[in-house]
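Enquirer: There's a structure below that I have some questions on.
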Amino acid sequence: MKYYSSRNKNLRITSMDAILKGLSDDGGLFIPEIIPKLPSLDKLRNLSYIDLAGLILSMYFDDYSQEEISQAVQAAYGERFEEEVVALRQDGNLNFLELYHGPTLAFKDMALTVLPHLMRTALKNKGVEEEVLILTATSGDTGKAALEGFKDIDGIRVIVFYPEDGVSNMQKLQMISQKGNNTYVFGVKGDFDDAQAGVKEIFSDMAYKEYLQEKGYILSSANSINIGRLIPQIVYYIYAYIELLNKNRIEEGQEINFVVPTGNFGNILAGFYAKKMGLPIGKLICASNENKVLSDFFQSGTYDRRRELIPSSSPSMDILVSSNLERYIFEVLGKDEYLTERLMNELKDEGVFSWENFKGGEIYGNYASEEEVAKTIKEVFESSAYLIDPHTAVAYSVYKRYREEENDDRPAVIVSTASPYKFPEIILESLGEKLPEDPFDGIRKLSKLWKKEVPGKIRELEDSPVLHKNTIDRGEMKDAIKNLIEVDK
Ligand SMILES: *Cc1c(COP(=O)(O)O)cnc(C)c1O
């Protein structure tokens with residue numbers, strides 16, 4: 001299996017190279033040249049999550065040995081998840097696929113627990129001698145998941161930049177208390193776009209990269225455009241389907257819909273690949289918050305990022321340029337690399353592209369307002385004594401709208417991307433509860449309402465010392481990296 005660039009199909013490389021590079025030099029994203037077909041579901045029905053993940057990853061990453069893949073999935077999903085890797089919770093006709101039982105309590109763990117092991121193996125097999133600096137700008141969840149995933153991995157340092165004004169209290173606490181001898185965290189003054197733009201600038205500064213190389217460092221990214229993040233996310237779509245089969249809630253071959261709270265389009269794209277592999281998926285429902293670029297795109301065929309970013313209660317979806325959309329466009333355009341490049345250049349240069357005759361096909365897009373999110377959190381709690389976080393509430397709100405508009409009663413799975421404990425303030429407010437001053441009193445209040453124990457990972461934050469106190473301007477990011485290299489060497 002080879003990977004080529006979405007902007008140049010002649011550029012074909014192995015999965016190890018694609019994982020190490022992250023992004024192609026021509027600006028394109030790496031795409032598997034064939035999407036493999038699933039074996040019959042009967043063969044998969046008795047597999048554990050770890051074994052299923054091993055099987056799917058081997059189909060895509062065939063330059064890794066079976067043993068290397070087994071070790072990677074074991075290290076990722078073995079002990080680091082609380083109880084089950086993923087849980088499927090039934091609520092009447094609906095199913096919530098909880099992807100937040102990993103070490104950082106958000107779905108980013110599904111890929112970022114395994115990516116570091118894939119990367120380390122690739123570094124070893126390729127004989128890379130430089131130390132790798134993983135640079136990550138985060139809107140909240142990726143940063144912590146990358147820190148935990150790469151913590152104490154030899155030959156790699158992980159550096160996270162988070163926007164001072166753009167993450168939740170718990171998300172921030174999780175990051176600034178991070179342990180590990182190779183982890184670095186900086187607050188950047190401004191919003192996510194500032195942090196993101198700063199990181200992009202570093203990646204495109206040739207002189208700076210030469211300086212790093214001389215010092216013995218190379219740059220890489222744990223961003224969701226890395227194919228090593230996308231493929232592991234296919235697994236839980238298949239797993240969810242098999243769980244429903246095993247519980248006799250669907251029949252083999254019956255189509256089901258997935259509703260996905262979407263930002264950078266990585267999660268839902270994995271669902272699209274699962275469908276291409278032969279999983280009986282009907283609709284993929286793409287749910288946006290008030291930053292509804294994708295919703296507009298799927299309704300009109302025009303993608304227009306020329307608007308202000310609106311900070312919302314679902315910060316991990318506050319995004320105007322959904323990088324992974326390029327892979328979807330490439331596939332839907334019949335793998336036309338020239339047209340893909342043209343549209344992407346229009347987006348870069350003009351801030352907008354239009355696609356005449358575009359039909360979303362298997363993807364339906366819509367969005368939820370902040371008011372709807374709060375209402376939905378309250379409604380679900382009152383009817384089912386079940387809590388959902390604001391991202392999941394975006395998905396559920398959009399699903400309700402979908403059901404009003406379309407006559408489609410196929411079973412649906414709401415992809416639940418974060419633990420409610422990461423957003424106690426918003427949830428308490430939505431429920432009409434008073435906000436305690438101390439955020440941990442808020443956590444305890446939530447726990448009492450939900451009658452569910454606070455996860456250890458949240459509890460331990462209360463007494464964790466702050467280990468990362470640095471706040472910098474966007475213009476100081478390069479110097480911050482320079483300092484940490486010069487001081488440590
Ligand atoms: C990252 C994230 C999303 C958005 O996922 P994408 O793959 O970027 O579309 C949704 N919810 C939560 C909690 C997240 O952390």
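Numbering starts fresh at 1 for the residues of each chain in the structure tokens, the chains themselves are lettered A, B, ... in the order given, and ligands are numbered from 1 as they appear.
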7 Å from ligand 1 is the threshold here; counting only C-alpha atoms and all ligand atoms, which polymer residues fall inside it? Answer as JSON, numbers by chain.
Expert: {"A": [106, 107, 108, 140, 141, 142, 224, 261, 262, 263, 264, 265, 266, 267, 268, 316, 317, 391, 417, 418]}
Enquirer: Could you go through segment 167-348 of chain A and tell me which residues DSSP, when run on the backbone, assigns to strand (DSSP E or B), listing them as a PyMOL selection string?
Expert: chain A and resi 183-188+217-221+256-261+281-288+302-304
Enquirer: Which is closer to Arg474 of chain A than all the others in A:Gln299, A:Gln74, A:Thr183, A:Gln196, using only C-alpha atoms?
Expert: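 Among A:Gln299, A:Gln74, A:Thr183, A:Gln196, it is A:Gln196 that comes nearest to Arg474 of chain A.
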Enquirer: Pick out each residue of segment 84-166 of chain A that DSSP on the backbone tags as helix (DSSP H, G or I); I need them as JSON, numbers by chain.
Expert: {"A": [109, 110, 111, 112, 115, 116, 117, 118, 119, 120, 121, 122, 123, 124, 125, 141, 142, 143, 144, 145, 146, 147, 148, 149, 150]}
Enquirer: Which polymer residues have any atom within 10 Å of an atom of Ser419 of chain A, counting only C-alpha atoms, with same-chain residues fewer than 3 positions away left out, as a JSON list (two decimals) with C-alpha atoms, in the first residue's frame?
Expert:
[["chain", "number", "residue", "atom", "x", "y", "z"],
["A", 98, "GLU", "CA", -18.56, 7.42, 23.97],
["A", 99, "LEU", "CA", -15.06, 8.03, 22.69],
["A", 100, "TYR", "CA", -13.83, 9.75, 25.82],
["A", 101, "HIS", "CA", -12.55, 7.03, 28.10],
["A", 102, "GLY", "CA", -8.91, 7.57, 27.23],
["A", 104, "THR", "CA", -7.31, 12.86, 28.41],
["A", 105, "LEU", "CA", -11.08, 12.29, 28.24],
["A", 106, "ALA", "CA", -11.62, 13.34, 24.64],
["A", 107, "PHE", "CA", -11.79, 11.45, 21.36],
["A", 387, "LEU", "CA", -25.03, 14.05, 30.52],
["A", 388, "ILE", "CA", -23.50, 15.04, 27.23],
["A", 389, "ASP", "CA", -20.76, 17.60, 26.67],
["A", 390, "PRO", "CA", -21.31, 20.67, 24.45],
["A", 391, "HIS", "CA", -19.64, 19.09, 21.39],
["A", 392, "THR", "CA", -21.86, 16.04, 21.61],
["A", 416, "SER", "CA", -19.72, 11.56, 21.63],
["A", 422, "LYS", "CA", -14.14, 18.77, 30.77],
["A", 423, "PHE", "CA", -16.88, 21.44, 30.61],
["A", 424, "PRO", "CA", -18.57, 21.65, 34.02],
["A", 455, "PRO", "CA", -12.84, 10.21, 36.56]]
Enquirer: Can you check which parts of segment 408-431 of chain A lie within 8 Å of segment 353-375 of chain A? Per residue, the shortest pair of atoms and distance in Å to one decimal, counting only C-alpha atoms, sorted by chain and number, as a Markdown table.
Expert:
| residue | atom | partner | partner_atom | distance |
| --- | --- | --- | --- | --- |
| A:Ile426 | CA | A:Ala374 | CA | 7.9 |
| A:Ile427 | CA | A:Ala374 | CA | 7.6 |
| A:Glu429 | CA | A:Ala374 | CA | 8.0 |
| A:Ser430 | CA | A:Ala374 | CA | 4.7 |
| A:Leu431 | CA | A:Ala374 | CA | 7.7 |
Enquirer: For Leu41 of chain A, work out the shell of residues within 12 Å, counting only C-alpha atoms and skipping chain neighbours fewer than 5 positions away, then give it as number ranges by chain.
Expert: A: 46-47, 52, 238-246, 251-254, 277-280
Enquirer: Between segment 78-173 of chain A and segment 197-219 of chain A, at 10 Å or less, what are the per-residue closest atom pairs and their distances in Å? Count only C-alpha atoms, order by chain and rising residue number, and return it as CSV.
Expert:
residue,atom,partner,partner_atom,distance
A:Val128,CA,A:Ile218,CA,9.6
A:Glu129,CA,A:Gly216,CA,8.0
A:Glu130,CA,A:Gly216,CA,5.0
A:Glu131,CA,A:Tyr217,CA,4.8
A:Val132,CA,A:Ile218,CA,5.0
A:Leu133,CA,A:Leu219,CA,4.9
A:Ile134,CA,A:Leu219,CA,6.1
A:Leu135,CA,A:Val199,CA,7.0
A:Thr136,CA,A:Val199,CA,7.2
A:Ala137,CA,A:Val199,CA,6.5
A:Gly155,CA,A:Tyr217,CA,9.7
A:Ile156,CA,A:Tyr217,CA,9.4
A:Arg157,CA,A:Tyr217,CA,9.8
A:Val160,CA,A:Val199,CA,9.7
A:Phe161,CA,A:Val199,CA,8.3
Enquirer: Mind checking which residues fall within 10 Å of segment 408-410 of chain A, counting only C-alpha atoms, ignoring those fewer than 3 positions away in the same chain, and posting them as a list in words?
Expert: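 Residues near the query, excluding close chain neighbours: Asn93, Ile250, Gln254, Glu255, Ile256, Asn257, Ile281, Gly282, Lys283, Tyr402, Arg403, Glu404, Glu405 and Val413 of chain A.
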Enquirer: With C-alpha atoms retained, could you export that selection as a short mmCIF file (atom, residue, chain, number, x, y, z; two decimals), in the first residue's frame?
Expert:
data_model
loop_
_atom_site.label_atom_id
_atom_site.label_comp_id
_atom_site.auth_asym_id
_atom_site.auth_seq_id
_atom_site.Cartn_x
_atom_site.Cartn_y
_atom_site.Cartn_z
CA ASN A 93 -33.70 4.58 19.53
CA ILE A 250 -29.50 -4.29 13.91
CA GLN A 254 -28.61 -2.98 7.69
CA GLU A 255 -27.58 0.62 7.12
CA ILE A 256 -27.05 2.97 10.05
CA ASN A 257 -26.34 6.71 10.27
CA ILE A 281 -23.36 3.34 6.63
CA GLY A 282 -26.29 5.35 5.32
CA LYS A 283 -25.81 9.04 6.05
CA TYR A 402 -32.16 16.22 10.38
CA ARG A 403 -35.07 14.12 11.60
CA GLU A 404 -37.44 17.06 11.17
CA GLU A 405 -36.27 17.60 7.61
CA VAL A 413 -25.20 6.70 16.43
#
Enquirer: Rank A:Gly271, A:Gly190, A:Pro311, A:Gly54 by their smallest atom-to-atom distance to Asn289 of chain A, using only C-alpha atoms, and report the top residue only.
Expert: A:Pro311
Enquirer: Go through A:Val398, A:Ala18, A:Val293, A:Val260 and flag the residue nearest Tyr237 of chain A, using only C-alpha atoms for the distances.
Expert: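 Using only C-alpha atoms, Tyr237 of chain A sits closest to A:Val260.
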Enquirer: In Å to one decimal, how far is atom CA of Tyr236 of chain A from atom CA of Val415 of chain A?
Expert: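 These atoms are spaced 9.8 Å apart.
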Enquirer: What does the structure give for the distance between atom CA of Pro465 of chain A and atom CA of Ile176 of chain A, in Å to one decimal?
Expert: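 According to the coordinates, atom CA of Pro465 of chain A and atom CA of Ile176 of chain A are separated by 8.5 Å.
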Enquirer: Can you work out which one of A:Leu320, A:Ile159, A:Ile225, A:Ile414 has the shortest atom-to-atom distance to Leu284 of chain A, counting only C-alpha atoms?
Expert: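 Of A:Leu320, A:Ile159, A:Ile225, A:Ile414, the one nearest Leu284 of chain A, counting only C-alpha atoms, is A:Ile414.
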Enquirer: Interatomic distance between atom CA of Gly78 of chain A and atom CA of Tyr60 of chain A?
Expert: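 Separating atom CA of Gly78 of chain A from atom CA of Tyr60 of chain A is a distance of 21.0 Å.
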